[in-house]
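For reference, the structure is listed below as structure tokens.
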Amino acid sequence: MEPQTSSRSPSPDRGSFDGAPIDVVGLERALRAGVRGEVRFDAGSRGAYSTDGSNYRQVPIAVVVPRDIDAGADAVRVCARFGAPVLSRGGGTSLAGQCTNAAVVIDWTKYCHKLVSVEPDRATCVVEPGIVLDELNRQLSSYRLKFGPKPSTHSHCALGGMIGNNSCGASAQAYGKTVDNVRRLEILTYDGTRCWVGPTSREEYEAVLRSGGRRAELYAGLRQVVDEHLADIRHGYPRIPRRVSGYNLDSLLPENGFDVARALVGSEGTLVVVLRAELDLVPVPRCEAMVVLGYDDICAAADDVPRVLGHGEPELLEALDGRMAQLMREEGSHLESLDTFPEGDSWLLVQFGGDGQDDVDARARGLLDALGRGPDDPRVAFSDDPGREQKMLRAREAGLGVTARPPDDRETWEGWEDSAVPPERLGDYLRDLKDLFAEFDYDHPSLYGHFGQGCVHTRIPFDLTHAEGIATFRAFLFRAADLVVSYGGSLSGEHGDGQARGELLERMFGRPLVDAFGEVKRLFDPGGRMNPGKVVAPHRTDENLRLGSEWHPADPATHFGFPQDDGSFTRAVKRCVGIGNCRTHSGGVMCPSFRATGEEEHSTRGRARLLFEMLGGHDDSPVTGGWHSPEVRDALDLCLSCKGCRSDCPVGVDMATYRAEFLSHHYAHRLRPAAHCHQHAVLKDDADRELMRRAGIEATVLDEGCCGLAGNFGFERGHHGLSLAIGELGVLPSVRAAPPGALVLADGFSCRTQIEEGGTGRRAMHLAEALALGLDGGLPSDRPERLVARPEVPEGDAGRATAVVLATVAAAGAGAYGLLRHCRSRT
């Protein structure tokens with residue numbers, strides 16, 4: 001099958017699937033009546049879920065947010081009655097198009113996120129699909145256990161999505177892929193069969209068959225597929241650490257225990273819905289050490305991977321190249337991390353873990369001896385300090401965001417971002433891949449990834465807006481597929497197939513195994529309603545593109561200049577590539593409204609999606625009102641304009657500015673207040689830290705997010721409850737927990753007001769007030785802020801005084817940033 005040159009980018013009609021009409025009105029009525037949860041057919045929800053982290057876009061029929069697991073199962077049953085396709089979704093960070101479809105999207109993350117049980121002695125736990133990896137590991141920390149695989153999206157990816165994608169991350173070097181850490185799954189098929197599955201002994205298999213029914217039909221059908229394709233399954237899968245492409249039929253081999261759970265991991269929601277999962281856990285290492293090795297180029301680094309793997313059993317072996325480091329320096333990103341790196345133009349990061357620091361350090365130094373490098377070698381950086389190691393790793397984890405929008409304005413995209421080969425052949429593969437980039441005039445994409453397992457990440461400057469460029473993109477994918485297969489590799493080493501690689505699977509596995517995938521799909525989902533068009537009978541790689549040759553968005557005149565985006569609001573909105581860091585629940589500031597609501601449309605990403613849809617460009621866009629769109633207005637209404645995204649978003653989305661631009665048009669003839677919180681995003685706190693150091697103040701800067709008041713946001717109608725909820729996520733509890741004698745410092749009016757009126761029992765001071773108190777001598781051991789004299793506001797003038805202060809804040813937000821101080825309280 002040779003690539004064709006069509007650049008079609010159709011999106012299925014909302015009310016039909018493969019030509020079969022769906023009674024959308026009846027479906028909505030039945031879902032509302034039969035599902036305990038939030039059922040959304042509105043344009044805003046459909047627009048916010050129209051894409052994931054990939055190049056693809058399909059507008060969903062509806063979004064269902066179940067209140068519990070049984071409600072989610074009820075939603076699938078209702079959809080089956082109407083023949084409506086179903087897409088089960090976690091954090092929505094998929095890079096291959098798995099999490100976008102013209103289907104009913106079931107979002108498990110808002111309510112179905114429980115750690116159901118833990119058995120420390122067996123090192124297992126049971127989880128619901130919506131639990132976020134970092135939160136799971138936080139809850140497991142008291143047992144000194146964790147779930148091993150750790151993708152770079154660990155702060156916001158859900159376990160259900162990890163199971164659907166067969167996620168890995170850097171730690172897979174030590175702990176394997178998700179499939180290697182799943183013990184059992186509770187599954188639901190489209191036709192309503194619900195059961196637990198896992199490894200199956202001969203006796204258990206025979207008992208399932210004796211019980212009869214649909215489960216017996218599934219097990220017998222799987223056994224028949226394995227028997228008929230036994231030789232192809234045994235010999236047709238690459239024997240490499242990072243084979244993620246295709247269905248895991250090899251898990252059904254007799255020698256692998258006929259493990260139905262592991263066969264379903266990585267099936268991307270095309271076969272079943274995962275309701276709960278029993279996971280294997282691993283001990284948390286007590287000690288770690290890291291070595292960073294510098295090389296002249298990334299191919300030389302790859303050549304050294306086999307030697308590194310031969311010494312000390314590293315638990316992590318990552319790489320990044322000089323191109324990524326160059327982009328970081330040009331963008332002023334992760335400079336502290338880069339400062340810890342040794343000389344070189346590419347680097348390997350090697351981490352060892354264990355129970356004793358002496359042993360771990362000895363293994364790290366043993367590696368250096370084996371490589372002929374001493375600890376004083378300028379091409380070596382050694383650390384057994386966990387804080388320093390995390391700085392080093394942040395540079396590697398930042399890869400996707402740093403490479404998405406290079407300063408040279410040549411946008412890069414996924415599509416071939418995830419290939420994997422045998423680690424011992426990695427260097428030669430990279431040389432051939434770079435030659436292929438040059439042949440297609442794709443400049444010099446950054447190359448980085450999980451080199452210890454032969455997995456390569458990159459983003460390529462594909463032209464996805466013109467027919468000729470899309471045809472070239474498609475031709476490149478077929479050539480790249482043939483290249484990786486020639487090395488005995490996999491199309492995907494981590495991110496899965498979805499639509500990006502589904503069409504290429506025959507290149508990798510051959511027709512017999514692809515036919516076997518189809519047989520399994522028909523067995524579980526004979527009507528093709530589970531995440532259709534992905535993996536099996538896939539859409540073409542050039543269909544359903546988020547951009548595409550027929551994408552013609554508006555490019556309206558604006559008040560702001562958007563100088564970083566060539567003066568284009570449309571280009572600014574397009575910055576969001578779906579990474580999803582705005583869906584984190586701790587650390588940084590972004591995004592307080594998502595943290596309080598758990599709603600996609602109240603995340604920075606969700607708002608960017610709605611603005612993208614508002615600009616048109618696709619005939620099926622659900623958001624049609626332009627600047628007067630009520631859907632966009634409602635999503636932006638709860639944006640605090642805190643500017644946390646301006647610094648925390650890896651691609652620099654500045655939603656506060658986008659919001660101000662939108663509101664200026666939406667309320668063209670009505671006065672609207674504006675407020676911005678700038679200390680974290682713009683001014684930073686470096687100068688304050690230095691001043692406090694010189695004054696002898698030992699300061700702890702809280703990393704607890706926004707206070708929630710954010711200028712006048714908390715004073716506006718309908719915002720008070722959300723404002724306090726955001727404060728209760730971190731700032732207010734931290735102030736309550738501060739010792740009575742601690743100075744509580746908050747330079748911004750917003751933070752001071754929220755702390756004083758948020759039931760903390762404390763009154764925050766400006767840093768200048770604290771310094772003034774220090775000049776007068778010692779401070780009392782209980783609430784030293786009582787010594788600060790402030791003018792009393794007469795009761796009758798309180799409202800007027802607040803209005804005056806808010807007006808001042810609004811004026812400062814418009815142009816005098818240096819006068820505004822906000823965001824992180826100090827205790």
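Within each chain, counting starts at residue 1; across the structure tokens, chains are named A, B, ... in the order shown, with ligands numbered 1 upward in that order.
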Can you list every residue in segment 373-562 of chain A that DSSP puts in alpha helix (DSSP H), as a ChimeraX atom specification? /A:386-397,399-404,426-439,467-486,505-509,511-524
Show me, as an MDAnalysis selection string, the residues that have an atom within 7 Å of segment 547-558 of chain A when counting only C-alpha atoms, minus same-chain residues fewer than 2 positions from it. chainID A and resid 7 9 464:467 545 560 568:570 615:618 661
For the residues in the current selection, export C-alpha atoms as a tab-separated table (two decimals), in the first residue's frame.
```tsv
chain	number	residue	atom	x	y	z
A	7	SER	CA	-5.26	15.85	1.78
A	9	SER	CA	-9.76	16.52	6.29
A	464	LEU	CA	-0.17	20.90	7.74
A	465	THR	CA	-2.05	23.81	6.17
A	466	HIS	CA	-1.39	23.34	2.44
A	467	ALA	CA	-2.29	20.40	0.21
A	545	LEU	CA	-6.46	17.22	10.69
A	560	PHE	CA	-3.24	43.92	21.50
A	568	SER	CA	-1.89	37.48	14.83
A	569	PHE	CA	-4.50	36.56	17.43
A	570	THR	CA	-5.15	33.38	15.45
A	615	LEU	CA	-12.18	31.63	14.85
A	616	GLY	CA	-13.87	29.22	12.47
A	617	GLY	CA	-11.87	27.55	9.78
A	618	HIS	CA	-13.87	24.33	9.86
A	661	GLU	CA	-8.92	40.83	23.86
```
Need the shell around segment 368-383 of chain A: protein/DNA/RNA residues with any atom at most 8 Å away, counting only C-alpha atoms. Skip same-chain ones fewer than 6 positions apart. Format as an mmCIF file with N, CA and C atoms, in the first residue's frame?
```
data_model
loop_
_atom_site.group_PDB
_atom_site.id
_atom_site.type_symbol
_atom_site.label_atom_id
_atom_site.label_comp_id
_atom_site.auth_asym_id
_atom_site.auth_seq_id
_atom_site.Cartn_x
_atom_site.Cartn_y
_atom_site.Cartn_z
ATOM 1 N N ALA A 289 21.296 8.439 42.607
ATOM 2 C CA ALA A 289 22.431 9.228 42.136
ATOM 3 C C ALA A 289 22.318 9.343 40.628
ATOM 4 N N MET A 290 22.825 10.443 40.100
ATOM 5 C CA MET A 290 22.718 10.675 38.668
ATOM 6 C C MET A 290 24.052 11.110 38.095
ATOM 7 N N VAL A 291 24.305 10.621 36.887
ATOM 8 C CA VAL A 291 25.463 11.047 36.113
ATOM 9 C C VAL A 291 24.947 11.614 34.810
ATOM 10 N N VAL A 292 25.427 12.788 34.431
ATOM 11 C CA VAL A 292 25.123 13.367 33.122
ATOM 12 C C VAL A 292 26.401 13.347 32.307
ATOM 13 N N LEU A 293 26.320 12.774 31.115
ATOM 14 C CA LEU A 293 27.486 12.592 30.252
ATOM 15 C C LEU A 293 27.349 13.452 29.005
ATOM 16 N N GLY A 294 28.356 14.230 28.687
ATOM 17 C CA GLY A 294 28.342 15.086 27.520
ATOM 18 C C GLY A 294 28.972 14.419 26.306
ATOM 19 N N TYR A 295 28.405 14.694 25.104
ATOM 20 C CA TYR A 295 28.902 14.133 23.844
ATOM 21 C C TYR A 295 28.924 15.220 22.782
ATOM 22 N N ARG A 307 27.025 0.522 25.965
ATOM 23 C CA ARG A 307 28.067 0.481 27.010
ATOM 24 C C ARG A 307 27.508 0.916 28.350
ATOM 25 N N VAL A 308 26.684 1.962 28.343
ATOM 26 C CA VAL A 308 26.101 2.441 29.595
ATOM 27 C C VAL A 308 25.183 1.382 30.195
ATOM 28 N N HIS A 311 26.527 -1.490 32.551
ATOM 29 C CA HIS A 311 27.144 -1.229 33.858
ATOM 30 C C HIS A 311 26.129 -0.668 34.847
ATOM 31 N N THR A 340 23.275 22.909 35.148
ATOM 32 C CA THR A 340 23.827 21.745 35.853
ATOM 33 C C THR A 340 24.483 20.760 34.898
ATOM 34 N N PHE A 341 24.370 20.999 33.581
ATOM 35 C CA PHE A 341 24.878 20.046 32.604
ATOM 36 C C PHE A 341 26.377 20.267 32.368
ATOM 37 N N PRO A 342 27.104 19.206 32.032
ATOM 38 C CA PRO A 342 28.531 19.350 31.718
ATOM 39 C C PRO A 342 28.729 19.825 30.280
ATOM 40 N N GLU A 343 29.976 19.928 29.871
ATOM 41 C CA GLU A 343 30.285 20.320 28.495
ATOM 42 C C GLU A 343 29.744 19.278 27.513
ATOM 43 N N GLY A 344 29.423 19.747 26.316
ATOM 44 C CA GLY A 344 28.935 18.844 25.283
ATOM 45 C C GLY A 344 27.829 19.501 24.487
ATOM 46 N N GLU A 389 19.068 16.627 41.013
ATOM 47 C CA GLU A 389 18.688 15.646 40.000
ATOM 48 C C GLU A 389 17.356 16.009 39.356
#
```
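If only C-alpha atoms are the atoms counted, then among A:Gly454, A:Gly774, A:Pro238, A:Gly310 the closest residue to Leu430 of chain A is A:Gly454.
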Gly269 of chain A: which residues within 10 Å, counting only C-alpha atoms, same-chain residues fewer than 2 positions away excluded, as JSON, numbers by chain? {"A": [86, 87, 88, 89, 98, 99, 160, 161, 163, 164, 165, 264, 265, 266, 267, 271, 272, 273, 274, 498, 530, 531, 532, 534, 535]}
List as a PyMOL selection string the protein and nucleic acid residues near Pro66 of chain A, meaning an atom at most 8 Å away when only C-alpha atoms are counted, but skip any in the same chain fewer than 5 places from it. chain A and resi 35-38+71-72+75+106-108+111-112
Go ahead and save the picked residues with N, CA, C and O atoms, as a compact mmCIF listing (two decimals), in the first residue's frame.
```
# COMPACT_ATOMS: atom_id res chain seq x y z
N VAL A 35 -28.43 8.44 33.37
CA VAL A 35 -27.05 8.51 33.83
C VAL A 35 -26.93 9.50 34.98
O VAL A 35 -27.35 10.66 34.86
N ARG A 36 -26.35 9.03 36.08
CA ARG A 36 -26.07 9.92 37.20
C ARG A 36 -24.76 10.65 36.91
O ARG A 36 -23.68 10.11 37.10
N GLY A 37 -24.90 11.87 36.43
CA GLY A 37 -23.72 12.62 36.06
C GLY A 37 -24.08 13.84 35.25
O GLY A 37 -25.26 14.21 35.16
N GLU A 38 -23.08 14.46 34.68
CA GLU A 38 -23.29 15.66 33.89
C GLU A 38 -23.31 15.28 32.41
O GLU A 38 -22.34 14.73 31.89
N ALA A 71 -22.27 4.87 36.91
CA ALA A 71 -22.89 5.85 36.01
C ALA A 71 -22.20 5.86 34.66
O ALA A 71 -22.84 6.00 33.61
N GLY A 72 -20.88 5.69 34.66
CA GLY A 72 -20.17 5.61 33.40
C GLY A 72 -20.59 4.39 32.60
O GLY A 72 -20.76 4.45 31.38
N ALA A 75 -23.85 5.03 31.00
CA ALA A 75 -23.74 5.87 29.81
C ALA A 75 -23.40 5.03 28.58
O ALA A 75 -23.94 5.25 27.49
N ILE A 106 -16.68 10.11 27.26
CA ILE A 106 -16.86 9.90 28.70
C ILE A 106 -15.58 10.33 29.40
O ILE A 106 -14.53 9.72 29.23
N ASP A 107 -15.67 11.42 30.16
CA ASP A 107 -14.52 11.98 30.88
C ASP A 107 -14.58 11.49 32.32
O ASP A 107 -15.45 11.88 33.09
N TRP A 108 -13.62 10.64 32.69
CA TRP A 108 -13.62 10.02 34.01
C TRP A 108 -12.92 10.85 35.08
O TRP A 108 -12.97 10.52 36.27
N TYR A 111 -14.74 12.95 38.63
CA TYR A 111 -15.32 12.28 39.79
C TYR A 111 -14.76 10.87 40.04
O TYR A 111 -14.72 10.42 41.18
N CYS A 112 -14.37 10.17 39.01
CA CYS A 112 -14.01 8.75 39.16
C CYS A 112 -12.50 8.61 39.31
O CYS A 112 -11.80 8.10 38.42
```
Find the residues around segment 477-485 of chain A up to 7 Å (only C-alpha atoms counted), leave out those fewer than 2 positions away in its own chain, and share them as JSON, numbers by chain. {"A": [3, 416, 421, 473, 474, 475, 487, 488, 489, 490, 491, 504, 507, 508]}
Atomic separation - atom CA of Asn181 of chain A relative to atom CA of Gly356 of chain A, Å: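 Taking atom CA of Gly356 of chain A and atom CA of Asn181 of chain A, their separation equals 25.0 Å.
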Might you pull out every residue within 12 Å of Pro592 of chain A, with only C-alpha atoms counted and same-chain residues fewer than 2 positions away left off, and present them as a PyMOL selection string? chain A and resi 581-590+594-599+602-604+638-645+648+704-710+722-731+823
Run DSSP on the backbone of this structure and report the residues of segment 199-335 of chain A it assigns to strand (DSSP E), as number ranges by chain. A: 273-280, 282-283, 287-295, 316-321
Go ahead and dump the residues you just picked, N, CA and C atoms, as a CSV table (one decimal), in the first residue's frame.
```
chain,number,residue,atom,x,y,z
A,273,VAL,N,-14.2,-0.6,27.6
A,273,VAL,CA,-14.0,0.5,28.6
A,273,VAL,C,-13.4,-0.1,29.9
A,274,VAL,N,-12.4,0.6,30.4
A,274,VAL,CA,-11.8,0.1,31.6
A,274,VAL,C,-12.4,0.9,32.8
A,275,LEU,N,-13.0,0.1,33.7
A,275,LEU,CA,-13.8,0.6,34.8
A,275,LEU,C,-12.9,0.7,36.1
A,276,ARG,N,-12.1,-0.3,36.3
A,276,ARG,CA,-11.2,-0.3,37.4
A,276,ARG,C,-10.0,-1.1,37.0
A,277,ALA,N,-8.9,-0.9,37.7
A,277,ALA,CA,-7.6,-1.6,37.4
A,277,ALA,C,-6.9,-2.0,38.7
A,278,GLU,N,-6.5,-3.3,38.7
A,278,GLU,CA,-5.6,-3.7,39.8
A,278,GLU,C,-4.2,-3.7,39.3
A,279,LEU,N,-3.3,-2.9,40.0
A,279,LEU,CA,-2.0,-2.6,39.5
A,279,LEU,C,-0.9,-3.2,40.4
A,280,ASP,N,0.2,-3.6,39.8
A,280,ASP,CA,1.4,-4.0,40.6
A,280,ASP,C,2.1,-2.7,40.9
A,282,VAL,N,5.7,-0.9,43.0
A,282,VAL,CA,7.1,-1.1,43.2
A,282,VAL,C,7.6,-0.2,44.4
A,283,PRO,N,8.6,-0.7,45.1
A,283,PRO,CA,9.1,0.1,46.2
A,283,PRO,C,9.7,1.5,45.7
A,287,CYS,N,17.4,5.9,47.9
A,287,CYS,CA,18.6,6.7,47.5
A,287,CYS,C,18.7,6.7,46.0
A,288,GLU,N,19.2,7.8,45.5
A,288,GLU,CA,19.4,7.9,44.0
A,288,GLU,C,20.7,8.7,43.8
A,289,ALA,N,21.3,8.4,42.6
A,289,ALA,CA,22.4,9.2,42.1
A,289,ALA,C,22.3,9.3,40.6
A,290,MET,N,22.8,10.4,40.1
A,290,MET,CA,22.7,10.7,38.7
A,290,MET,C,24.1,11.1,38.1
A,291,VAL,N,24.3,10.6,36.9
A,291,VAL,CA,25.5,11.0,36.1
A,291,VAL,C,24.9,11.6,34.8
A,292,VAL,N,25.4,12.8,34.4
A,292,VAL,CA,25.1,13.4,33.1
A,292,VAL,C,26.4,13.3,32.3
A,293,LEU,N,26.3,12.8,31.1
A,293,LEU,CA,27.5,12.6,30.3
A,293,LEU,C,27.3,13.5,29.0
A,294,GLY,N,28.4,14.2,28.7
A,294,GLY,CA,28.3,15.1,27.5
A,294,GLY,C,29.0,14.4,26.3
A,295,TYR,N,28.4,14.7,25.1
A,295,TYR,CA,28.9,14.1,23.8
A,295,TYR,C,28.9,15.2,22.8
A,316,LEU,N,17.2,4.7,34.9
A,316,LEU,CA,16.8,5.7,33.9
A,316,LEU,C,17.9,6.0,33.0
A,317,LEU,N,17.7,6.1,31.7
A,317,LEU,CA,18.7,6.5,30.8
A,317,LEU,C,18.1,7.3,29.7
A,318,GLU,N,18.2,8.6,29.8
A,318,GLU,CA,17.5,9.6,29.0
A,318,GLU,C,18.5,10.4,28.2
A,319,ALA,N,18.1,11.1,27.1
A,319,ALA,CA,19.0,11.8,26.3
A,319,ALA,C,18.3,13.1,25.8
A,320,LEU,N,19.0,14.1,25.6
A,320,LEU,CA,18.6,15.3,24.8
A,320,LEU,C,19.7,15.9,24.1
A,321,ASP,N,19.4,16.6,23.0
A,321,ASP,CA,20.5,17.1,22.1
A,321,ASP,C,20.7,18.6,22.2
```
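Atom CA of Asp70 of chain A to atom CA of Arg138 of chain A spans 25.8 Å [interatomic distance, one decimal].
Distance-wise, atom CA of Val226 of chain A and atom CA of Thr189 of chain A end up 20.3 Å apart.
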Find, counting only C-alpha atoms, the residue in A:Ala608, A:Gly496, A:Asp620, A:Ala438 that gets nearest to Phe476 of chain A.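 Closest to Phe476 of chain A of all the choices is A:Ala438.
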Pick the closest to Ala300 of chain A from A:Gly578, A:Gly399, A:Gly427, A:Gly469: which is it, counting only C-alpha atoms? A:Gly427
